[in-house]
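Dropping model-v7.txt in here (compact mmCIF, C-alpha atoms):
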# COMPACT_ATOMS: atom_id res chain seq x y z
CA MET M 232 42.03 122.45 -40.78
CA ALA M 233 44.20 121.70 -43.77
CA VAL M 234 45.15 118.04 -43.83
CA SER M 235 48.89 118.79 -44.04
CA GLN M 236 48.52 120.75 -40.79
CA SER M 237 46.80 117.93 -38.93
CA PRO M 238 48.30 116.82 -35.62
CA ILE M 239 49.68 113.60 -37.10
CA TYR M 240 51.83 115.61 -39.51
CA ALA M 241 53.07 117.79 -36.66
CA GLU M 242 53.95 114.70 -34.66
CA VAL M 243 55.91 113.14 -37.53
CA TYR M 244 57.60 116.45 -38.41
CA ASP M 245 58.68 116.91 -34.79
CA PHE M 246 60.03 113.37 -34.67
CA LEU M 247 61.96 113.61 -37.95
CA THR M 248 63.44 117.03 -37.19
CA SER M 249 64.82 115.69 -33.91
CA ALA M 250 67.44 113.78 -35.97
CA PRO M 251 66.39 110.35 -34.70
CA SER M 252 68.81 107.46 -34.77
CA PRO M 253 67.98 104.45 -36.95
CA GLN M 254 66.96 102.60 -33.76
CA ALA M 255 64.60 105.42 -32.76
CA ILE M 256 63.04 105.31 -36.23
CA VAL M 257 62.49 101.55 -35.95
CA THR M 258 60.78 101.92 -32.57
CA PHE M 259 58.72 105.03 -33.43
CA LYS M 260 55.02 104.78 -32.66
CA PRO M 261 52.35 107.46 -32.91
CA SER M 262 51.23 108.93 -29.62
CA VAL M 263 48.30 107.45 -27.73
CA THR M 264 46.28 110.48 -28.81
CA MET M 265 46.98 109.78 -32.48
CA GLN M 266 46.31 106.08 -32.08
CA SER M 267 42.97 106.91 -30.45
CA ARG M 268 42.06 109.27 -33.28
CA VAL M 269 42.84 106.63 -35.90
CA SER M 270 40.76 104.09 -34.00
CA GLU M 271 37.91 106.59 -33.93
CA LEU M 272 38.21 107.21 -37.67
CA LEU M 273 38.31 103.48 -38.41
CA GLU M 274 35.19 102.93 -36.29
CA LEU M 275 33.38 105.75 -38.11
CA ASN M 276 34.45 104.17 -41.39
CA ARG M 277 33.10 100.75 -40.35
CA ALA M 278 29.83 102.40 -39.35
CA GLY M 279 29.64 104.28 -42.66
CA ARG M 280 29.66 107.66 -40.90
CA LEU M 281 32.90 109.26 -42.13
CA THR M 282 32.61 112.85 -43.27
CA ALA M 283 34.68 114.05 -46.22
CA ASP M 284 37.12 115.67 -43.79
CA ASP M 285 37.33 112.46 -41.76
CA ARG M 286 38.01 110.48 -44.96
CA ALA M 287 40.78 112.92 -45.94
CA GLU M 288 42.32 112.65 -42.46
CA LEU M 289 42.19 108.84 -42.53
CA ASP M 290 43.71 108.79 -46.02
CA GLU M 291 46.56 111.02 -44.87
CA PHE M 292 47.19 108.83 -41.85
CA GLU M 293 47.38 105.81 -44.16
CA ARG M 294 49.90 107.63 -46.40
CA LEU M 295 52.02 108.65 -43.43
CA ASN M 296 51.81 105.14 -42.02
CA HIS M 297 53.12 103.78 -45.33
CA PHE M 298 55.90 106.39 -45.38
CA MET M 299 56.95 105.51 -41.82
CA SER M 300 56.87 101.78 -42.67
CA MET M 301 59.23 102.37 -45.58
CA LEU M 302 61.45 104.57 -43.41
CA LYS M 303 61.62 101.81 -40.80
CA ILE M 304 62.70 99.29 -43.46
CA HIS M 305 65.57 101.57 -44.47
CA ALA M 306 66.51 102.18 -40.83
CA ARG M 307 66.60 98.42 -40.16
CA LYS M 308 68.96 98.00 -43.13
CA LYS M 309 71.23 100.67 -41.64
CA LEU M 310 71.24 98.85 -38.32
CA LEU M 311 72.17 95.58 -40.01
CA GLU M 312 75.10 97.25 -41.82
CA LYS M 313 76.77 98.06 -38.50

Produce structure tokens that represent the structure in this file.
Amino acid sequence: MAVSQSPIYAEVYDFLTSAPSPQAIVTFKPSVTMQSRVSELLELNRAGRLTADDRAELDEFERLNHFMSMLKIHARKKLLEK
């Protein structure tokens, strides 16, 4: 599976294309399924058993997590402007 087609991308794409309000952006959390997958990847990483594909998936999650953190900062600013 191409990394950009991973389920976490689909989840974020679906969320962003739903035209979320600033409040919805601030409260966004990945699904339980995605949180479980990240936990699994982190455990594999701690155990030194990540495959190259697992590493790429974990790296992409970290990038998307950073993107969503920055998006939440901007959404909070919008909420404070009201």

task = Tell me which protein, DNA and RNA residues are within 12 Å of Leu302 (chain M), counting all atoms listed in the file, leaving out same-chain ones fewer than 3 positions away, and put them as JSON, numbers by chain.
result = {"M": [243, 247, 251, 252, 253, 254, 255, 256, 257, 258, 259, 295, 296, 297, 298, 299, 305, 306, 307, 308, 309]}

Atoms kept (C-alpha atoms) for selection, written as a PDB file, in the frame of the given file:
ATOM      1  CA  VAL M 243      55.910 113.140 -37.530  1.00  0.00           C
ATOM      2  CA  LEU M 247      61.960 113.610 -37.950  1.00  0.00           C
ATOM      3  CA  PRO M 251      66.390 110.350 -34.700  1.00  0.00           C
ATOM      4  CA  SER M 252      68.810 107.460 -34.770  1.00  0.00           C
ATOM      5  CA  PRO M 253      67.980 104.450 -36.950  1.00  0.00           C
ATOM      6  CA  GLN M 254      66.960 102.600 -33.760  1.00  0.00           C
ATOM      7  CA  ALA M 255      64.600 105.420 -32.760  1.00  0.00           C
ATOM      8  CA  ILE M 256      63.040 105.310 -36.230  1.00  0.00           C
ATOM      9  CA  VAL M 257      62.490 101.550 -35.950  1.00  0.00           C
ATOM     10  CA  THR M 258      60.780 101.920 -32.570  1.00  0.00           C
ATOM     11  CA  PHE M 259      58.720 105.030 -33.430  1.00  0.00           C
ATOM     12  CA  LEU M 295      52.020 108.650 -43.430  1.00  0.00           C
ATOM     13  CA  ASN M 296      51.810 105.140 -42.020  1.00  0.00           C
ATOM     14  CA  HIS M 297      53.120 103.780 -45.330  1.00  0.00           C
ATOM     15  CA  PHE M 298      55.900 106.390 -45.380  1.00  0.00           C
ATOM     16  CA  MET M 299      56.950 105.510 -41.820  1.00  0.00           C
ATOM     17  CA  HIS M 305      65.570 101.570 -44.470  1.00  0.00           C
ATOM     18  CA  ALA M 306      66.510 102.180 -40.830  1.00  0.00           C
ATOM     19  CA  ARG M 307      66.600  98.420 -40.160  1.00  0.00           C
ATOM     20  CA  LYS M 308      68.960  98.000 -43.130  1.00  0.00           C
ATOM     21  CA  LYS M 309      71.230 100.670 -41.640  1.00  0.00           C
TER      22      LYS M 309
END

query = Could you work out how far CA of Lys260 (chain M) lies from CA of Glu288 (chain M), giving the answer in Å with one decimal?
reply =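 So the answer is 17.9 Å.
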
query = Nearest to Asp290 (chain M): which of M:Tyr244, M:Val269, M:Ser249, M:Ile304 is it, counting all atoms listed in the file?
reply =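 For Asp290 (chain M), the nearest of the given residues is M:Val269.
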
inquiry  = Neighbouring residues of Leu272 (chain M) were defined as those with any atom within 10 Å, considering all atoms listed in the file; residues of the same chain fewer than 4 positions away were excluded. Please report them as a PyMOL selection string.
reply    = chain M and resi 266-268+276-278+280-282+285-286+288-289

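In this model, the gap between CA of Pro238 (chain M) and CA of Leu273 (chain M) comes to 16.9 Å.
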
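CA of Glu274 (chain M) lies 22.6 Å from CA of Ser300 (chain M).
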
Nearest to Ser270 (chain M), chosen from M:Phe292, M:Ala241, M:Ala250, M:Met301, with only C-alpha atoms counted in the distances =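 For Ser270 (chain M), the nearest of the given residues is M:Phe292.
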
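Residue neighbourhood of Pro261 (chain M), excluding near-sequence residues (fewer than 4 positions): Ile239, Glu242, Met265 and Gln266 of chain M, at 8 Å, using all atoms listed in the file.
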
Quick one: axis-aligned box around all listed atoms of region 281-300 of chain M, 3 Å on every side, centre and edge lengths in Å to one decimal, written as AutoDock Vina command-line options.
--center_x 44.8 --center_y 108.7 --center_z -44.1 --size_x 30.3 --size_y 19.9 --size_z 10.6
